[in-house]
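Student: I'm passing along query.txt; it holds compact mmCIF, C-alpha atoms.
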```txt
# COMPACT_ATOMS: atom_id res chain seq x y z
CA MET O 1 -33.15 -13.76 -82.91
CA GLY O 2 -32.49 -16.27 -85.67
CA ARG O 3 -33.45 -18.96 -83.20
CA PRO O 4 -33.08 -22.37 -84.86
CA ARG O 5 -36.09 -24.60 -84.82
CA LEU O 6 -35.11 -27.80 -83.15
CA PHE O 7 -38.31 -29.69 -82.68
CA LYS O 8 -41.34 -30.35 -84.74
CA GLY O 9 -44.41 -32.49 -84.36
CA GLY O 10 -44.16 -35.60 -82.23
CA LYS O 11 -41.88 -36.52 -79.39
CA GLY O 12 -38.35 -35.22 -79.84
CA LYS O 13 -38.42 -35.60 -83.57
CA GLU O 14 -35.70 -33.35 -84.86
CA LEU O 15 -36.40 -31.23 -87.88
CA SER O 16 -34.35 -32.38 -90.83
CA THR O 17 -34.25 -28.98 -92.52
CA ARG O 18 -33.34 -25.81 -90.71
CA VAL O 19 -34.83 -22.44 -91.43
CA ASP O 20 -32.56 -20.17 -93.44
CA THR O 21 -32.88 -17.22 -91.07
CA GLU O 22 -30.14 -15.18 -92.74
CA GLU O 23 -31.90 -15.31 -96.08
CA CYS O 24 -35.17 -14.43 -94.30
CA GLN O 25 -33.46 -11.29 -92.93
CA VAL O 26 -32.33 -10.37 -96.43
CA ARG O 27 -35.86 -10.72 -97.81
CA LEU O 28 -37.29 -8.63 -94.96
CA GLU O 29 -34.64 -6.01 -95.65
CA GLY O 30 -35.83 -5.98 -99.27
CA LEU O 31 -39.42 -5.48 -98.10
CA LEU O 32 -38.41 -2.41 -96.09
CA GLU O 33 -36.32 -1.02 -98.95
CA ALA O 34 -39.11 -1.47 -101.49
CA GLN O 35 -41.74 0.40 -99.50
CA SER O 36 -40.78 3.34 -97.29
CA GLU O 37 -44.03 3.22 -95.32
CA VAL O 38 -43.26 -0.28 -94.02
CA THR O 39 -41.63 0.22 -90.61
CA GLY O 40 -40.89 -3.34 -89.62
CA ALA O 41 -41.50 -7.03 -90.23
CA VAL O 42 -41.12 -10.20 -88.17
CA VAL O 43 -41.06 -13.85 -89.21
CA ALA O 44 -42.05 -16.16 -86.36
CA THR O 45 -42.99 -19.75 -85.66
CA GLU O 46 -46.73 -20.20 -85.24
CA ASP O 47 -46.21 -20.67 -81.50
CA GLY O 48 -44.58 -17.27 -81.22
CA HIS O 49 -40.77 -17.53 -81.44
CA VAL O 50 -38.89 -14.98 -83.58
CA LEU O 51 -36.97 -16.38 -86.55
CA ALA O 52 -36.07 -13.17 -88.36
CA THR O 53 -36.82 -9.51 -87.90
CA ARG O 54 -36.11 -6.21 -89.59
CA SER O 55 -37.27 -2.77 -88.52
CA ARG O 56 -36.40 0.90 -88.96
CA ARG O 57 -36.19 1.26 -85.18
CA GLU O 58 -36.28 -1.25 -82.34
CA MET O 59 -39.84 -2.46 -81.86
CA GLY O 60 -39.64 -5.46 -79.52
CA SER O 61 -39.63 -8.40 -81.93
CA GLU O 62 -39.89 -11.06 -79.21
CA ARG O 63 -43.15 -9.64 -77.94
CA ILE O 64 -44.45 -8.99 -81.45
CA ALA O 65 -43.78 -12.63 -82.39
CA ALA O 66 -45.66 -13.91 -79.34
CA MET O 67 -48.57 -11.50 -79.87
CA SER O 68 -48.70 -12.45 -83.56
CA SER O 69 -49.18 -16.05 -82.50
CA SER O 70 -52.04 -15.08 -80.15
CA LEU O 71 -53.67 -12.95 -82.87
CA VAL O 72 -53.49 -15.69 -85.51
CA GLY O 73 -54.77 -18.23 -82.98
CA LEU O 74 -57.75 -16.00 -82.20
CA GLY O 75 -58.22 -15.04 -85.86
CA ALA O 76 -58.60 -18.68 -86.87
CA THR O 77 -61.04 -19.33 -84.03
CA MET O 78 -63.05 -16.21 -84.91
CA ALA O 79 -63.23 -17.20 -88.60
CA GLU O 80 -64.44 -20.65 -87.64
CA THR O 81 -66.94 -19.34 -85.08
CA VAL O 82 -68.64 -17.01 -87.58
CA GLY O 83 -68.53 -19.70 -90.28
CA GLN O 84 -66.09 -17.97 -92.62
CA ASP O 85 -63.67 -20.88 -93.15
CA SER O 86 -59.96 -20.00 -92.95
CA ASN O 87 -58.54 -16.77 -91.59
CA GLU O 88 -56.20 -15.02 -94.03
CA PHE O 89 -55.14 -11.80 -92.33
CA VAL O 90 -55.40 -10.34 -88.87
CA ILE O 91 -55.39 -6.57 -89.37
CA VAL O 92 -54.81 -4.17 -86.50
CA GLN O 93 -55.73 -0.66 -87.66
CA ASN O 94 -54.36 2.18 -85.54
CA THR O 95 -54.34 5.99 -85.62
CA GLU O 96 -50.81 6.03 -87.02
CA GLY O 97 -50.65 2.86 -89.05
CA TYR O 98 -51.50 -0.77 -89.58
CA VAL O 99 -50.17 -4.10 -88.40
CA ALA O 100 -51.02 -7.08 -90.58
CA THR O 101 -50.31 -10.69 -89.63
CA LEU O 102 -50.71 -13.70 -91.90
CA ARG O 103 -49.62 -17.28 -92.19
CA LEU O 104 -46.41 -18.08 -93.97
CA GLY O 105 -46.35 -21.65 -95.18
CA SER O 106 -48.11 -24.05 -92.81
CA HIS O 107 -46.35 -23.42 -89.47
CA HIS O 108 -44.99 -19.88 -89.58
CA LEU O 109 -46.21 -16.30 -89.45
CA LEU O 110 -45.32 -12.97 -90.95
CA THR O 111 -46.21 -9.68 -89.28
CA VAL O 112 -45.72 -6.39 -91.13
CA ALA O 113 -46.14 -2.92 -89.60
CA ALA O 114 -46.62 0.17 -91.78
CA LYS O 115 -47.46 3.86 -91.41
CA THR O 116 -50.83 5.24 -92.57
CA GLY O 117 -49.23 6.63 -95.76
CA ILE O 118 -49.64 3.20 -97.30
CA ASN O 119 -53.04 2.14 -98.50
CA LEU O 120 -54.31 -0.94 -96.68
CA GLY O 121 -54.86 -2.91 -99.87
CA MET O 122 -51.27 -2.19 -100.89
CA LEU O 123 -49.99 -3.37 -97.50
CA LEU O 124 -51.96 -6.61 -97.67
CA SER O 125 -50.74 -7.26 -101.19
CA LEU O 126 -47.11 -6.61 -100.19
CA ALA O 127 -47.47 -8.84 -97.14
CA ARG O 128 -49.03 -11.66 -99.15
CA HIS O 129 -46.26 -11.55 -101.75
CA ALA O 130 -43.59 -11.44 -99.03
CA ALA O 131 -45.17 -14.44 -97.32
CA GLU O 132 -45.18 -16.42 -100.57
CA ASP O 133 -41.55 -15.44 -101.15
CA LEU O 134 -40.49 -16.43 -97.60
CA ALA O 135 -42.46 -19.68 -97.47
CA SER O 136 -39.84 -21.69 -99.36
CA LEU O 137 -37.17 -20.55 -96.87
CA VAL O 138 -38.98 -21.67 -93.74
CA GLU O 139 -40.61 -24.83 -95.02
CA GLY O 140 -37.45 -26.24 -96.56
CA MET Y 1 -79.06 -14.27 -65.24
CA SER Y 2 -75.73 -13.70 -63.59
CA GLU Y 3 -72.45 -14.75 -65.14
CA ILE Y 4 -69.35 -15.74 -63.23
CA LYS Y 5 -65.99 -15.56 -64.92
CA LEU Y 6 -63.31 -17.99 -63.72
CA VAL Y 7 -59.76 -18.11 -65.00
CA PHE Y 8 -57.50 -21.15 -65.40
CA ALA Y 9 -53.75 -20.49 -65.21
CA GLY Y 10 -50.52 -22.42 -64.75
CA PRO Y 11 -47.63 -23.85 -66.73
CA THR Y 12 -47.79 -25.53 -70.12
CA GLY Y 13 -48.88 -29.14 -69.95
CA ALA Y 14 -50.59 -28.86 -66.54
CA GLY Y 15 -53.97 -29.57 -68.20
CA LYS Y 16 -55.77 -26.20 -68.46
CA THR Y 17 -57.21 -26.78 -71.93
CA GLU Y 18 -58.14 -30.36 -71.00
CA ALA Y 19 -59.86 -29.26 -67.76
CA ILE Y 20 -62.02 -26.68 -69.54
CA SER Y 21 -62.94 -29.12 -72.30
CA LYS Y 22 -64.00 -31.69 -69.70
CA ILE Y 23 -66.58 -29.45 -68.00
CA SER Y 24 -67.75 -27.09 -70.74
CA GLU Y 25 -71.29 -27.81 -71.87
CA THR Y 26 -70.61 -26.19 -75.25
CA PRO Y 27 -67.73 -27.18 -77.55
CA PRO Y 28 -64.88 -25.16 -76.05
CA LEU Y 29 -63.25 -22.39 -77.99
CA ARG Y 30 -59.55 -23.19 -78.35
CA THR Y 31 -56.52 -21.49 -79.90
CA ASP Y 32 -54.02 -24.33 -80.25
CA LEU Y 33 -51.09 -24.03 -82.62
CA THR Y 34 -48.16 -26.35 -83.29
CA ALA Y 35 -45.34 -26.19 -80.73
CA SER Y 36 -41.88 -25.64 -82.23
CA ASP Y 37 -39.84 -25.75 -79.03
CA GLN Y 38 -39.27 -28.06 -76.03
CA VAL Y 39 -43.03 -28.14 -75.47
CA ALA Y 40 -43.20 -30.41 -78.54
CA LEU Y 41 -41.52 -33.12 -76.46
CA GLN Y 42 -44.62 -33.27 -74.29
CA LYS Y 43 -47.43 -32.39 -76.70
CA GLU Y 44 -47.90 -31.38 -80.30
CA MET Y 45 -50.11 -28.33 -79.85
CA THR Y 46 -50.02 -25.46 -77.38
CA THR Y 47 -52.49 -22.70 -76.44
CA VAL Y 48 -51.40 -19.33 -77.86
CA ALA Y 49 -54.26 -16.99 -76.93
CA MET Y 50 -57.08 -18.48 -74.87
CA ASP Y 51 -59.53 -21.27 -74.19
CA PHE Y 52 -63.17 -20.56 -73.42
CA GLY Y 53 -65.92 -22.80 -72.11
CA GLU Y 54 -69.34 -22.43 -70.49
CA LEU Y 55 -71.02 -24.26 -67.64
CA THR Y 56 -74.46 -23.63 -66.12
CA LEU Y 57 -74.79 -24.25 -62.39
CA PRO Y 58 -77.87 -25.97 -60.92
CA GLY Y 59 -78.99 -22.55 -59.62
CA GLY Y 60 -78.97 -21.15 -63.17
CA GLU Y 61 -75.86 -19.02 -62.89
CA LYS Y 62 -73.60 -19.33 -65.87
CA LEU Y 63 -69.88 -19.91 -65.46
CA HIS Y 64 -67.58 -18.54 -68.13
CA LEU Y 65 -64.31 -20.45 -68.08
CA TYR Y 66 -61.25 -18.73 -69.51
CA GLY Y 67 -57.99 -20.61 -70.01
CA THR Y 68 -54.69 -18.74 -70.31
CA PRO Y 69 -51.68 -19.79 -72.39
CA GLY Y 70 -49.07 -21.24 -70.02
CA GLN Y 71 -45.79 -20.05 -71.49
CA SER Y 72 -44.57 -16.74 -70.10
CA ARG Y 73 -43.99 -15.26 -73.57
CA PHE Y 74 -47.80 -15.20 -73.80
CA ALA Y 75 -48.03 -13.19 -70.56
CA HIS Y 76 -49.56 -10.34 -72.60
CA MET Y 77 -52.78 -12.44 -72.57
CA TRP Y 78 -52.88 -12.90 -68.80
CA PRO Y 79 -54.21 -9.49 -67.66
CA ILE Y 80 -56.53 -9.36 -70.68
CA LEU Y 81 -58.10 -12.68 -69.71
CA ALA Y 82 -58.12 -12.01 -65.96
CA ARG Y 83 -60.03 -8.73 -66.30
CA GLY Y 84 -63.43 -9.04 -64.66
CA GLY Y 85 -62.69 -12.53 -63.37
CA LEU Y 86 -63.99 -13.61 -59.97
CA GLY Y 87 -61.51 -16.36 -59.21
CA LEU Y 88 -58.44 -18.28 -60.31
CA ILE Y 89 -57.88 -22.02 -60.70
CA LEU Y 90 -54.13 -22.55 -60.76
CA LEU Y 91 -53.03 -25.90 -62.19
CA ILE Y 92 -49.50 -27.08 -61.38
CA ASP Y 93 -47.80 -30.04 -63.10
CA HIS Y 94 -46.45 -32.26 -60.32
CA MET Y 95 -44.06 -33.96 -62.77
CA ALA Y 96 -42.42 -30.70 -63.92
CA GLU Y 97 -38.80 -30.05 -63.01
CA ASP Y 98 -39.69 -27.56 -60.29
CA PRO Y 99 -43.41 -27.59 -59.45
CA LEU Y 100 -42.94 -25.48 -56.31
CA GLY Y 101 -41.07 -22.87 -58.34
CA ASP Y 102 -43.85 -22.95 -60.94
CA MET Y 103 -46.42 -22.37 -58.19
CA ASP Y 104 -44.40 -19.38 -56.89
CA PHE Y 105 -44.10 -17.96 -60.40
CA TYR Y 106 -47.82 -18.05 -61.22
CA LEU Y 107 -48.85 -16.88 -57.73
CA GLU Y 108 -46.53 -13.90 -58.22
CA SER Y 109 -47.67 -13.25 -61.81
CA PHE Y 110 -51.35 -13.23 -60.82
CA HIS Y 111 -50.90 -11.83 -57.31
CA SER Y 112 -52.93 -8.64 -57.75
CA PHE Y 113 -55.78 -10.66 -59.29
CA ILE Y 114 -55.57 -13.25 -56.49
CA ASP Y 115 -55.54 -10.50 -53.83
CA GLU Y 116 -58.84 -9.17 -55.16
CA THR Y 117 -60.51 -12.52 -55.81
CA ALA Y 118 -59.99 -16.13 -54.70
CA ILE Y 119 -57.82 -19.04 -55.74
CA VAL Y 120 -57.70 -22.82 -55.58
CA ILE Y 121 -54.65 -24.80 -56.64
CA GLY Y 122 -54.94 -28.11 -58.46
CA VAL Y 123 -51.81 -30.26 -58.67
CA THR Y 124 -51.98 -32.52 -61.71
CA ARG Y 125 -50.19 -35.60 -63.06
CA SER Y 126 -49.50 -36.88 -59.53
CA ASP Y 127 -50.76 -40.28 -60.72
CA LEU Y 128 -47.47 -40.69 -62.58
CA THR Y 129 -45.49 -41.10 -59.39
CA GLU Y 130 -45.79 -43.08 -56.17
CA GLY Y 131 -46.89 -41.40 -52.97
CA ALA Y 132 -47.33 -37.81 -54.12
CA ASP Y 133 -47.21 -35.60 -51.05
CA SER Y 134 -48.99 -32.27 -50.66
CA GLY Y 135 -46.81 -31.37 -47.66
CA PRO Y 136 -44.10 -29.49 -49.60
CA TYR Y 137 -46.76 -27.41 -51.40
CA TYR Y 138 -48.46 -26.40 -48.14
CA GLN Y 139 -45.08 -25.65 -46.56
CA ARG Y 140 -44.13 -23.43 -49.48
CA LEU Y 141 -47.46 -21.60 -49.23
CA ALA Y 142 -47.22 -21.27 -45.46
CA GLY Y 143 -43.71 -19.83 -45.84
CA GLN Y 144 -45.32 -16.97 -47.72
CA GLY Y 145 -48.15 -16.58 -45.23
CA LEU Y 146 -50.64 -18.19 -47.64
CA ASN Y 147 -53.19 -20.92 -46.96
CA HIS Y 148 -54.78 -21.45 -50.36
CA PRO Y 149 -56.71 -24.69 -50.79
CA LEU Y 150 -54.73 -27.27 -52.77
CA LEU Y 151 -55.94 -30.55 -54.25
CA PHE Y 152 -54.40 -33.34 -56.28
CA VAL Y 153 -56.59 -33.61 -59.37
CA ASP Y 154 -56.73 -35.28 -62.77
CA PRO Y 155 -57.86 -32.73 -65.39
CA ARG Y 156 -59.06 -35.61 -67.58
CA GLU Y 157 -61.66 -36.46 -64.92
CA GLN Y 158 -64.76 -34.27 -65.02
CA ASP Y 159 -65.47 -34.83 -61.32
CA ASP Y 160 -61.98 -33.65 -60.36
CA VAL Y 161 -62.34 -30.44 -62.35
CA LEU Y 162 -65.81 -29.84 -60.91
CA LEU Y 163 -64.35 -30.31 -57.43
CA LEU Y 164 -61.91 -27.47 -58.12
CA VAL Y 165 -64.72 -25.26 -59.43
CA ASP Y 166 -66.94 -26.07 -56.43
CA SER Y 167 -64.10 -25.30 -54.03
CA LEU Y 168 -63.50 -21.97 -55.69
CA LEU Y 169 -67.20 -21.07 -55.69
CA ALA Y 170 -67.43 -21.97 -51.99
CA LEU Y 171 -64.52 -19.60 -51.30
CA LEU Y 172 -66.21 -16.85 -53.29
CA GLU Y 173 -69.43 -17.21 -51.34
CA PHE Y 174 -67.40 -16.99 -48.17
CA LYS Y 175 -65.64 -13.78 -49.20
```
Could you show the structure in this file as structure tokens?

Tutor:
Amino acid sequence: MGRPRLFKGGKGKELSTRVDTEECQVRLEGLLEAQSEVTGAVVATEDGHVLATRSRREMGSERIAAMSSSLVGLGATMAETVGQDSNEFVIVQNTEGYVATLRLGSHHLLTVAAKTGINLGMLLSLARHAAEDLASLVEG
Amino acid sequence: MSEIKLVFAGPTGAGKTEAISKISETPPLRTDLTASDQVALQKEMTTVAMDFGELTLPGGEKLHLYGTPGQSRFAHMWPILARGGLGLILLIDHMAEDPLGDMDFYLESFHSFIDETAIVIGVTRSDLTEGADSGPYYQRLAGQGLNHPLLFVDPREQDDVLLLVDSLLALLEFK
């Protein structure tokens, strides 16, 4: 958790700015406080490493980060295959809730899980605003 | 028309995505995203979900080629992609720190799939060193009572990848 990002892009090029993971945690905490139906949220690199996570009970952030990466990878390929340009959200709708994953800045992801009490449009709106809010923290 | 599903597995950087792109007759489906970890030292992008390509055999059968993400944190994709597969092409990077250990790891990870199907092993990047020797690989396999076919291949060469596919198909016919 709070794993620093050491490499980016080409060979061994060290990232000049580091992700402010503590501030990310604070923002995720705010997301959970603002909406009681949101059960957890994870910020990850686009290749599936956890940077920050907050949840009402343990939910396996490492695995969620990796699966989020797979989902966004497939989402983008699906959007392209059906000729719908860029993927915005990958939504997993379940009997007891939703999981929404979206891009956060250009190389990170945000995944938010919520119970069915929330309306899907509300969840997507919350997630989009959270992603915009977090983008400045991860992109430096 | 029958379809045959083959699965490519192995560590990051062994050449799975490259191999599928070299033999697919349609533009391959890829899910590459930017690497943020040590993988970035070797390559900029890494597979996070799957690769997919298609190849029609002279007899008309269609091969569906599925590539797995190499890093073990993406192991959730492995059983999903292996389901319904008829054989495994395991690519091992000869220049990795511990290629024999990598081979053990993927053989173990896919062992129930391998038990039910067939496997060929392709050792890649051996051109980057002098006198690459297959002996240690065969010894390691023999130590586990295994005699899987193993070839040194270059995933950038279409003929090399086709040789792996042909070897696997020959094994499947034999089964």

Student: Which of these residues is nearest to Y:Met77, using only C-alpha atoms: O:Leu74, O:Leu120, O:Val112, O:Ala44?

Tutor: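 Smallest distance to Y:Met77 is found for O:Leu74.
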
Student: Find the residues around O:Ala114 up to 6 Å (all atoms listed in the file counted), leave out those fewer than 3 positions away in its own chain, and share them as a PyMOL selection string.

Tutor: chain O and resi 37-39+97-98

Student: (-38.8, -13.3, -103.4) in this file's frame - what residues fall within 10 Å of it? Use all atoms listed in the file and give the answer as a PyMOL selection string.

Tutor: chain O and resi 24+26-28+30-31+129-137

Student: Work out how far apart atom CA of O:Ala66 and atom CA of O:Gln35 are and give it in Å to one decimal.

Tutor: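 Result for atom CA of O:Ala66 versus atom CA of O:Gln35: 25.0 Å, one decimal.
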
Student: Could you tell me how far atom CA of Y:Glu61 sits from atom CA of Y:Glu173, in Å to one decimal place?

Tutor: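 Distance between the two atoms: 13.3 Å.
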
Student: Given only C-alpha atoms as the basis, pick out the residue of O:Val19, O:Met59, O:Val50, O:Ala76 nearest to chain Y.

Tutor: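 Of O:Val19, O:Met59, O:Val50, O:Ala76, the one nearest chain Y, counting only C-alpha atoms, is O:Ala76.
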
Student: Given a cut-off of 10 Å, which residues of chain Y touch chain O, counting only C-alpha atoms, written out as a ChimeraX atom specification?

Tutor: /Y:29-51,69,71-77

Student: Just want the 7 Å neighbourhood of Y:Ala118, counted on all atoms listed in the file, with same-chain residues fewer than 4 positions away dropped. Output as a list in words.

Tutor: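 Result of the neighbour search: Gly87, Leu88, Ile114, Leu168, Leu171 and Leu172 of chain Y.
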
Student: From the set Y:Gly84, Y:Pro99, Y:Pro155, Y:Pro28, which residue has the shortest atom-to-atom contact distance to Y:Pro136, counting only C-alpha atoms?

Tutor: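 Of the candidates, the smallest distance to Y:Pro136 is held by Y:Pro99.
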
Student: Generate N, CA, C and O atoms for stretch 129-146 of chain Y and emit them as a tab-separated table (two decimals), in the coordinates of the input.

Tutor:
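See selection14.tsv below for the written result:
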```tsv
chain	number	residue	atom	x	y	z
Y	129	THR	N	-46.55	-40.79	-60.35
Y	129	THR	CA	-45.49	-41.10	-59.39
Y	129	THR	C	-46.11	-41.73	-58.14
Y	129	THR	O	-47.30	-41.59	-57.88
Y	130	GLU	N	-45.30	-42.44	-57.39
Y	130	GLU	CA	-45.79	-43.08	-56.17
Y	130	GLU	C	-45.80	-42.09	-55.02
Y	130	GLU	O	-44.89	-41.28	-54.88
Y	131	GLY	N	-46.85	-42.15	-54.22
Y	131	GLY	CA	-46.89	-41.40	-52.97
Y	131	GLY	C	-46.68	-39.91	-53.08
Y	131	GLY	O	-45.88	-39.31	-52.37
Y	132	ALA	N	-47.41	-39.27	-54.00
Y	132	ALA	CA	-47.33	-37.81	-54.12
Y	132	ALA	C	-47.75	-37.17	-52.80
Y	132	ALA	O	-48.75	-37.57	-52.20
Y	133	ASP	N	-47.00	-36.19	-52.36
Y	133	ASP	CA	-47.21	-35.60	-51.05
Y	133	ASP	C	-47.53	-34.11	-51.19
Y	133	ASP	O	-46.78	-33.37	-51.83
Y	134	SER	N	-48.63	-33.68	-50.56
Y	134	SER	CA	-48.99	-32.27	-50.66
Y	134	SER	C	-48.22	-31.42	-49.64
Y	134	SER	O	-48.24	-30.19	-49.72
Y	135	GLY	N	-47.53	-32.08	-48.72
Y	135	GLY	CA	-46.81	-31.37	-47.66
Y	135	GLY	C	-45.92	-30.25	-48.16
Y	135	GLY	O	-46.03	-29.11	-47.71
Y	136	PRO	N	-45.01	-30.55	-49.12
Y	136	PRO	CA	-44.10	-29.49	-49.60
Y	136	PRO	C	-44.84	-28.29	-50.19
Y	136	PRO	O	-44.37	-27.15	-50.04
Y	137	TYR	N	-45.99	-28.53	-50.82
Y	137	TYR	CA	-46.76	-27.41	-51.40
Y	137	TYR	C	-47.30	-26.52	-50.28
Y	137	TYR	O	-47.19	-25.31	-50.32
Y	138	TYR	N	-47.90	-27.19	-49.26
Y	138	TYR	CA	-48.46	-26.40	-48.14
Y	138	TYR	C	-47.36	-25.66	-47.39
Y	138	TYR	O	-47.55	-24.52	-46.94
Y	139	GLN	N	-46.19	-26.33	-47.26
Y	139	GLN	CA	-45.08	-25.65	-46.56
Y	139	GLN	C	-44.64	-24.41	-47.33
Y	139	GLN	O	-44.38	-23.37	-46.74
Y	140	ARG	N	-44.56	-24.57	-48.66
Y	140	ARG	CA	-44.13	-23.43	-49.48
Y	140	ARG	C	-45.13	-22.28	-49.36
Y	140	ARG	O	-44.76	-21.11	-49.24
Y	141	LEU	N	-46.43	-22.63	-49.37
Y	141	LEU	CA	-47.46	-21.60	-49.23
Y	141	LEU	C	-47.38	-20.95	-47.85
Y	141	LEU	O	-47.40	-19.72	-47.73
Y	142	ALA	N	-47.26	-21.78	-46.83
Y	142	ALA	CA	-47.22	-21.27	-45.46
Y	142	ALA	C	-46.04	-20.34	-45.26
Y	142	ALA	O	-46.13	-19.32	-44.56
Y	143	GLY	N	-44.91	-20.67	-45.93
Y	143	GLY	CA	-43.71	-19.83	-45.84
Y	143	GLY	C	-43.96	-18.42	-46.35
Y	143	GLY	O	-43.23	-17.49	-46.01
Y	144	GLN	N	-44.99	-18.30	-47.19
Y	144	GLN	CA	-45.32	-16.97	-47.72
Y	144	GLN	C	-46.57	-16.41	-47.06
Y	144	GLN	O	-47.18	-15.45	-47.56
Y	145	GLY	N	-46.97	-17.05	-45.96
Y	145	GLY	CA	-48.15	-16.58	-45.23
Y	145	GLY	C	-49.44	-16.87	-45.96
Y	145	GLY	O	-50.45	-16.19	-45.75
Y	146	LEU	N	-49.45	-17.88	-46.84
Y	146	LEU	CA	-50.64	-18.19	-47.64
Y	146	LEU	C	-51.24	-19.52	-47.19
Y	146	LEU	O	-50.53	-20.43	-46.77
```
